$ cat query_25.cif   # mmCIF, C-alpha atoms
data_input
#
loop_
_atom_site.group_PDB
_atom_site.id
_atom_site.type_symbol
_atom_site.label_atom_id
_atom_site.label_comp_id
_atom_site.auth_asym_id
_atom_site.auth_seq_id
_atom_site.Cartn_x
_atom_site.Cartn_y
_atom_site.Cartn_z
ATOM 1 C CA MET L 290 -23.579 -9.266 165.820
ATOM 2 C CA ASP L 291 -25.914 -6.373 166.584
ATOM 3 C CA ALA L 292 -27.304 -6.264 163.027
ATOM 4 C CA VAL L 293 -28.631 -9.832 163.230
ATOM 5 C CA ARG L 294 -30.235 -9.181 166.608
ATOM 6 C CA GLU L 295 -31.780 -5.985 165.256
ATOM 7 C CA ALA L 296 -33.101 -7.809 162.174
ATOM 8 C CA LEU L 297 -34.646 -10.516 164.383
ATOM 9 C CA MET L 298 -36.402 -7.914 166.547
ATOM 10 C CA ASN L 299 -37.528 -5.998 163.442
ATOM 11 C CA SER L 300 -38.859 -9.190 161.862
ATOM 12 C CA PHE L 301 -40.812 -10.125 164.978
ATOM 13 C CA CYS L 302 -42.155 -6.582 165.425
ATOM 14 C CA HIS L 303 -43.310 -6.141 161.809
ATOM 15 C CA LYS L 304 -44.559 -9.670 161.062
ATOM 16 C CA ASP L 305 -47.894 -9.995 159.295
ATOM 17 C CA TYR L 306 -49.635 -12.170 161.885
ATOM 18 C CA GLY L 307 -52.597 -12.665 159.544
ATOM 19 C CA ALA L 308 -50.372 -14.471 157.017
ATOM 20 C CA PHE L 309 -50.222 -17.654 159.164
ATOM 21 C CA GLN L 310 -46.579 -18.106 158.212
ATOM 22 C CA SER L 311 -43.638 -18.149 160.572
ATOM 23 C CA ASN L 312 -40.659 -15.892 160.671
ATOM 24 C CA GLU L 313 -37.654 -17.913 159.583
ATOM 25 C CA VAL L 314 -33.921 -17.862 160.147
ATOM 26 C CA ALA L 315 -31.877 -19.803 157.590
ATOM 27 C CA ILE L 316 -28.200 -20.325 158.360
ATOM 28 C CA HIS L 317 -25.985 -21.188 155.403
ATOM 29 C CA PRO L 318 -22.198 -21.531 155.161
ATOM 30 C CA ASP L 319 -21.922 -18.189 153.362
ATOM 31 C CA ARG L 320 -24.862 -16.192 154.758
ATOM 32 C CA VAL L 321 -27.643 -15.843 157.315
ATOM 33 C CA GLU L 322 -31.148 -15.026 156.080
ATOM 34 C CA ILE L 323 -34.002 -13.680 158.192
ATOM 35 C CA TYR L 324 -37.405 -13.995 156.518
ATOM 36 C CA ASN L 325 -40.426 -11.988 157.575
ATOM 37 C CA PRO L 326 -43.819 -12.970 156.139
ATOM 38 C CA GLY L 327 -45.876 -10.046 154.949
ATOM 39 C CA ALA L 328 -45.230 -7.615 152.140
ATOM 40 C CA PHE L 329 -43.039 -4.562 152.568
ATOM 41 C CA PRO L 330 -45.170 -1.374 152.608
ATOM 42 C CA GLU L 331 -46.444 -0.712 149.077
ATOM 43 C CA GLY L 332 -44.582 1.985 147.176
ATOM 44 C CA LEU L 333 -41.756 2.183 149.693
ATOM 45 C CA SER L 334 -38.248 0.776 149.705
ATOM 46 C CA PRO L 335 -35.870 -0.080 152.551
ATOM 47 C CA GLU L 336 -33.785 2.960 151.543
ATOM 48 C CA ASP L 337 -36.730 5.264 152.354
ATOM 49 C CA PHE L 338 -36.495 4.176 155.993
ATOM 50 C CA ILE L 339 -32.699 3.920 156.112
ATOM 51 C CA GLU L 340 -32.309 7.486 154.872
ATOM 52 C CA GLY L 341 -34.993 8.658 157.288
ATOM 53 C CA THR L 342 -37.208 10.220 154.617
ATOM 54 C CA GLU L 343 -40.279 8.218 155.673
ATOM 55 C CA ARG L 344 -42.162 8.100 158.959
ATOM 56 C CA PRO L 345 -42.317 4.758 160.814
ATOM 57 C CA ILE L 346 -45.090 2.346 159.899
ATOM 58 C CA ARG L 347 -46.066 0.213 162.872
ATOM 59 C CA ARG L 348 -47.751 -2.959 161.639
ATOM 60 C CA ASN L 349 -48.077 -4.167 165.234
ATOM 61 C CA PRO L 350 -48.066 -1.117 167.559
ATOM 62 C CA LEU L 351 -48.679 -3.126 170.738
ATOM 63 C CA ILE L 352 -45.730 -5.450 170.048
ATOM 64 C CA ALA L 353 -43.563 -2.437 169.113
ATOM 65 C CA SER L 354 -44.462 -0.745 172.409
ATOM 66 C CA ILE L 355 -43.670 -3.856 174.457
ATOM 67 C CA LEU L 356 -40.304 -4.282 172.707
ATOM 68 C CA TYR L 357 -39.542 -0.599 173.287
ATOM 69 C CA TYR L 358 -40.416 -0.695 177.004
ATOM 70 C CA SER L 359 -38.472 -3.957 177.458
ATOM 71 C CA LYS L 360 -35.493 -2.183 175.834
ATOM 72 C CA ASP L 361 -35.310 -4.749 173.008
ATOM 73 C CA ILE L 362 -35.663 -1.923 170.467
ATOM 74 C CA GLU L 363 -34.280 1.594 170.929
ATOM 75 C CA SER L 364 -36.976 3.594 169.189
ATOM 76 C CA PHE L 365 -39.692 3.292 166.588
ATOM 77 C CA GLY L 366 -38.902 3.137 162.882
ATOM 78 C CA THR L 367 -35.102 3.040 163.046
ATOM 79 C CA GLY L 368 -34.548 -0.725 162.758
ATOM 80 C CA LEU L 369 -33.390 -0.815 159.126
ATOM 81 C CA LYS L 370 -31.045 2.128 159.658
ATOM 82 C CA ARG L 371 -29.494 0.474 162.721
ATOM 83 C CA ILE L 372 -29.078 -2.779 160.752
ATOM 84 C CA VAL L 373 -27.246 -0.915 157.983
ATOM 85 C CA ASP L 374 -25.104 1.100 160.425
ATOM 86 C CA SER L 375 -24.113 -2.041 162.338
ATOM 87 C CA CYS L 376 -23.232 -3.862 159.102
ATOM 88 C CA ARG L 377 -21.094 -0.947 157.936
ATOM 89 C CA ASP L 378 -19.339 -0.787 161.318
ATOM 90 C CA SER L 379 -18.651 -4.533 161.143
ATOM 91 C CA ASN L 380 -17.725 -4.512 157.448
ATOM 92 C CA CYS L 381 -20.513 -7.013 156.803
ATOM 93 C CA ARG L 382 -22.149 -7.164 153.398
ATOM 94 C CA TYR L 383 -25.939 -7.212 153.570
ATOM 95 C CA GLU L 384 -28.915 -7.267 151.233
ATOM 96 C CA PHE L 385 -32.634 -6.589 151.523
ATOM 97 C CA LYS L 386 -34.887 -8.721 149.319
ATOM 98 C CA ARG L 387 -38.537 -7.949 148.706
ATOM 99 C CA LEU L 388 -40.492 -11.099 147.870
ATOM 100 C CA LYS L 389 -44.159 -11.463 147.005
ATOM 101 C CA SER L 390 -44.581 -13.488 150.181
ATOM 102 C CA GLY L 391 -42.496 -11.304 152.481
ATOM 103 C CA PHE L 392 -39.177 -9.637 153.142
ATOM 104 C CA VAL L 393 -35.693 -11.116 153.643
ATOM 105 C CA VAL L 394 -32.602 -9.589 155.212
ATOM 106 C CA VAL L 395 -29.419 -11.390 154.145
ATOM 107 C CA PHE L 396 -26.117 -11.081 156.028
ATOM 108 C CA TYR L 397 -23.103 -12.419 154.130
ATOM 109 C CA ARG L 398 -20.322 -13.953 156.167
ATOM 110 C CA ASN L 399 -16.836 -12.505 155.876
ATOM 111 C CA ASN L 400 -13.921 -14.833 155.129
ATOM 112 C CA VAL L 401 -16.000 -18.017 155.035
ATOM 113 C CA ALA L 402 -13.804 -19.457 152.305
ATOM 114 C CA SER L 403 -11.073 -19.977 154.898
ATOM 115 C CA ALA L 404 -13.241 -22.288 157.002
ATOM 116 C CA ASP L 405 -12.137 -25.921 156.935
ATOM 117 C CA HIS L 406 -15.581 -27.275 156.086
ATOM 118 C CA VAL L 407 -16.241 -24.991 153.105
ATOM 119 C CA SER L 408 -14.015 -25.131 150.061
ATOM 120 C CA ASP L 409 -15.756 -22.651 147.767
ATOM 121 C CA VAL L 410 -18.717 -20.783 149.187
ATOM 122 C CA SER L 411 -19.034 -18.512 146.163
ATOM 123 C CA GLY L 412 -20.461 -21.467 144.287
ATOM 124 C CA PHE L 413 -22.506 -22.841 147.190
ATOM 125 C CA ASP L 414 -25.996 -23.756 146.040
ATOM 126 C CA PRO L 415 -28.199 -25.212 148.792
ATOM 127 C CA ILE L 416 -30.638 -26.713 146.295
ATOM 128 C CA ASN L 417 -27.917 -28.698 144.530
ATOM 129 C CA ASP L 418 -26.004 -29.437 147.717
ATOM 130 C CA PRO L 419 -25.633 -33.245 148.013
ATOM 131 C CA ILE L 420 -26.954 -33.153 151.572
ATOM 132 C CA ASN L 421 -30.189 -31.424 150.493
ATOM 133 C CA SER L 422 -30.579 -32.681 146.929
ATOM 134 C CA SER L 423 -32.383 -35.916 147.867
ATOM 135 C CA LYS L 424 -34.856 -34.075 150.110
ATOM 136 C CA ILE L 425 -35.315 -31.333 147.519
ATOM 137 C CA GLN L 426 -36.015 -33.859 144.763
ATOM 138 C CA ARG L 427 -38.463 -35.799 146.919
ATOM 139 C CA LEU L 428 -40.167 -32.530 147.911
ATOM 140 C CA LEU L 429 -40.434 -31.432 144.253
ATOM 141 C CA ASP L 430 -41.956 -34.823 143.390
ATOM 142 C CA LEU L 431 -44.515 -34.386 146.170
ATOM 143 C CA VAL L 432 -45.333 -30.858 144.996
ATOM 144 C CA ARG L 433 -45.867 -32.172 141.450
ATOM 145 C CA LYS L 434 -48.221 -34.908 142.683
ATOM 146 C CA ASN L 435 -50.134 -32.809 145.199
ATOM 147 C CA PRO L 436 -49.376 -29.086 145.154
ATOM 148 C CA SER L 437 -51.945 -28.260 147.831
ATOM 149 C CA MET L 438 -50.546 -30.381 150.665
ATOM 150 C CA THR L 439 -49.847 -28.622 153.960
ATOM 151 C CA TYR L 440 -46.373 -28.054 155.377
ATOM 152 C CA ASN L 441 -47.131 -30.699 158.017
ATOM 153 C CA GLU L 442 -48.146 -33.270 155.383
ATOM 154 C CA TYR L 443 -44.940 -32.691 153.389
ATOM 155 C CA ALA L 444 -42.921 -32.902 156.630
ATOM 156 C CA THR L 445 -44.570 -36.148 157.730
ATOM 157 C CA ILE L 446 -44.007 -37.864 154.385
ATOM 158 C CA LEU L 447 -40.360 -36.743 154.146
ATOM 159 C CA GLY L 448 -39.644 -37.378 157.836
ATOM 160 C CA VAL L 449 -38.357 -33.867 158.533
ATOM 161 C CA SER L 450 -39.577 -30.928 160.606
ATOM 162 C CA THR L 451 -42.135 -28.436 159.356
ATOM 163 C CA SER L 452 -39.529 -25.663 159.625
ATOM 164 C CA THR L 453 -37.229 -27.667 157.321
ATOM 165 C CA ILE L 454 -40.044 -27.955 154.766
ATOM 166 C CA LYS L 455 -40.692 -24.218 154.968
ATOM 167 C CA ARG L 456 -36.980 -23.488 154.523
ATOM 168 C CA LEU L 457 -36.650 -25.846 151.544
ATOM 169 C CA LEU L 458 -39.785 -24.438 149.892
ATOM 170 C CA GLN L 459 -38.480 -20.893 150.437
ATOM 171 C CA GLU L 460 -35.154 -21.866 148.848
ATOM 172 C CA LEU L 461 -37.069 -23.260 145.877
ATOM 173 C CA VAL L 462 -39.084 -20.035 145.601
ATOM 174 C CA MET L 463 -35.933 -17.906 145.783
ATOM 175 C CA LYS L 464 -34.313 -20.050 143.073
ATOM 176 C CA GLY L 465 -37.362 -19.655 140.822
ATOM 177 C CA LYS L 466 -38.224 -23.367 140.859
ATOM 178 C CA ILE L 467 -41.725 -23.001 142.347
ATOM 179 C CA LYS L 468 -44.198 -20.319 143.284
ATOM 180 C CA ARG L 469 -47.171 -20.104 145.589
ATOM 181 C CA GLU L 470 -50.590 -19.546 144.051
ATOM 182 C CA GLY L 471 -53.651 -18.652 146.088
ATOM 183 C CA SER L 472 -53.977 -18.289 149.823
ATOM 184 C CA ASN L 473 -52.165 -20.282 152.484
ATOM 185 C CA LYS L 474 -55.381 -22.149 153.298
ATOM 186 C CA SER L 475 -56.719 -22.939 149.846
ATOM 187 C CA GLY L 476 -53.772 -22.312 147.529
ATOM 188 C CA GLY L 477 -50.966 -24.511 146.345
ATOM 189 C CA TRP L 478 -47.519 -24.651 144.807
ATOM 190 C CA LYS L 479 -46.762 -24.469 141.097
ATOM 191 C CA ILE L 480 -43.621 -25.914 139.497
ATOM 192 C CA LEU L 481 -41.986 -23.284 137.282
ATOM 193 C CA ASN L 482 -39.260 -25.318 135.570
#
$ encode --input "query_25.cif" --output "structure tokens"
Amino acid sequence: MDAVREALMNSFCHKDYGAFQSNEVAIHPDRVEIYNPGAFPEGLSPEDFIEGTERPIRRNPLIASILYYSKDIESFGTGLKRIVDSCRDSNCRYEFKRLKSGFVVVFYRNNVASADHVSDVSGFDPINDPINSSKIQRLLDLVRKNPSMTYNEYATILGVSTSTIKRLLQELVMKGKIKREGSNKSGGWKILN
């Protein structure tokens, strides 16, 4: 789908490379999420760029130029509008989420309830999913004991990849279970409930 490709290019182009966090793609039975570390421009909303009322803001002009000349992006500052147009053309529901730690574009799958492996995606909850619940609980226990561990330390103890740890922590943040306090180097996680 063109919208997902556009969101991936947009995420790469506008990443906050000083944040020392990775862009992430999370694939769920009912949706695909593309996370971009770095706050959305202060005082602006995605609609400002979709409607064309704001001028482009190039966080990384050199990367934007390379993507333009390699024909991976069509022009500067039209990524969100092209995402929305492609979703409308494909009848795909989408959502933009502004987080304190970054920005997420969510694409909801059409007709996923008819898939053999998913019985009721409307109630799908990755945190309480039996496949993830053991890892989530072990991760929450580790966060309680040592909230300032690195992604790699959590991954080593749980025997999973660093990207899995990042995804699970992001799910916990989105569900309001934890939050990040302080910087990536010296901060830590706080259990909220």
$ residues_around --input "query_25.cif" --residues "Arg382 of chain L" --least-positions-apart "4" --cutoff "9 Å" --atoms "only C-alpha atoms" --output "list in words"
Cys376, Arg377, Val395, Phe396, Tyr397, Arg398 and Asn399 of chain L
$ write_last_selection --input "query_25.cif" --atoms "C-alpha atoms" --output "mmCIF file, in the frame of the given file"
data_model
loop_
_atom_site.group_PDB
_atom_site.id
_atom_site.type_symbol
_atom_site.label_atom_id
_atom_site.label_comp_id
_atom_site.auth_asym_id
_atom_site.auth_seq_id
_atom_site.Cartn_x
_atom_site.Cartn_y
_atom_site.Cartn_z
ATOM 1 C CA CYS L 376 -23.232 -3.862 159.102
ATOM 2 C CA ARG L 377 -21.094 -0.947 157.936
ATOM 3 C CA VAL L 395 -29.419 -11.390 154.145
ATOM 4 C CA PHE L 396 -26.117 -11.081 156.028
ATOM 5 C CA TYR L 397 -23.103 -12.419 154.130
ATOM 6 C CA ARG L 398 -20.322 -13.953 156.167
ATOM 7 C CA ASN L 399 -16.836 -12.505 155.876
#
$ closest_residue --input "query_25.cif" --among "L:Leu428, L:Leu388, L:Val321, L:Leu297" --to "Leu369 of chain L" --atoms "only C-alpha atoms"
L:Leu297
$ closest_atom_pairs --input "query_25.cif" --of "segment 300-386 of chain L" --to "segment 450-466 of chain L" --cutoff "9 Å" --atoms "only C-alpha atoms" --output "JSON lines"
{"residue": "L:Ser311", "atom": "CA", "partner": "L:Ser452", "partner_atom": "CA", "distance": 8.6}
{"residue": "L:Glu313", "atom": "CA", "partner": "L:Arg456", "partner_atom": "CA", "distance": 7.6}
{"residue": "L:Val314", "atom": "CA", "partner": "L:Arg456", "partner_atom": "CA", "distance": 8.5}
{"residue": "L:Ala315", "atom": "CA", "partner": "L:Arg456", "partner_atom": "CA", "distance": 7.0}
$ resolve_selection --input "query_25.cif" --expression "the PyMOL selection byres ((chain L and resi 305) around 10)" --output "PyMOL selection string"
chain L and resi 300-304+306-312+325-329+348-349+391
$ residues_around --input "query_25.cif" --residues "Phe385 of chain L" --least-positions-apart "5" --cutoff "9 Å" --atoms "all atoms listed in the file" --output "PyMOL selection string"
chain L and resi 335+392-395
$ write_last_selection --input "query_25.cif" --atoms "C-alpha atoms" --output "short mmCIF file (atom, residue, chain, number, x, y, z; two decimals), in the coordinates of the input"
data_model
loop_
_atom_site.label_atom_id
_atom_site.label_comp_id
_atom_site.auth_asym_id
_atom_site.auth_seq_id
_atom_site.Cartn_x
_atom_site.Cartn_y
_atom_site.Cartn_z
CA PRO L 335 -35.87 -0.08 152.55
CA PHE L 392 -39.18 -9.64 153.14
CA VAL L 393 -35.69 -11.12 153.64
CA VAL L 394 -32.60 -9.59 155.21
CA VAL L 395 -29.42 -11.39 154.15
#
$ atom_distance --input "query_25.cif" --atom1 "atom CA of Leu447 of chain L" --atom2 "atom CA of Lys468 of chain L"
20.1 Å
$ atom_distance --input "query_25.cif" --atom1 "atom CA of Val293 of chain L" --atom2 "atom CA of Asp378 of chain L"
13.1 Å
$ resolve_selection --input "query_25.cif" --expression "the PyMOL selection byres ((chain L and resi 368) around 12)" --output "count of residues only"
39
$ atom_distance --input "query_25.cif" --atom1 "atom CA of Lys474 of chain L" --atom2 "atom CA of Met438 of chain L"
9.9 Å
$ closest_residue --input "query_25.cif" --among "L:Arg427, L:Gly332, L:Arg387, L:Lys434" --to "Ile446 of chain L" --atoms "all atoms listed in the file"
L:Arg427
$ axis_aligned_box --input "query_25.cif" --around "segment 379-382 of chain L" --padding-each-side "4 Å" --output "lines of an AutoDock Vina configuration file"
center_x = -19.9
center_y = -5.8
center_z = 157.3
size_x = 12.4
size_y = 10.7
size_z = 15.7
$ closest_residue --input "query_25.cif" --among "L:Glu331, L:His317, L:Ser359, L:Ile480" --to "Lys389 of chain L" --atoms "all atoms listed in the file"
L:Glu331
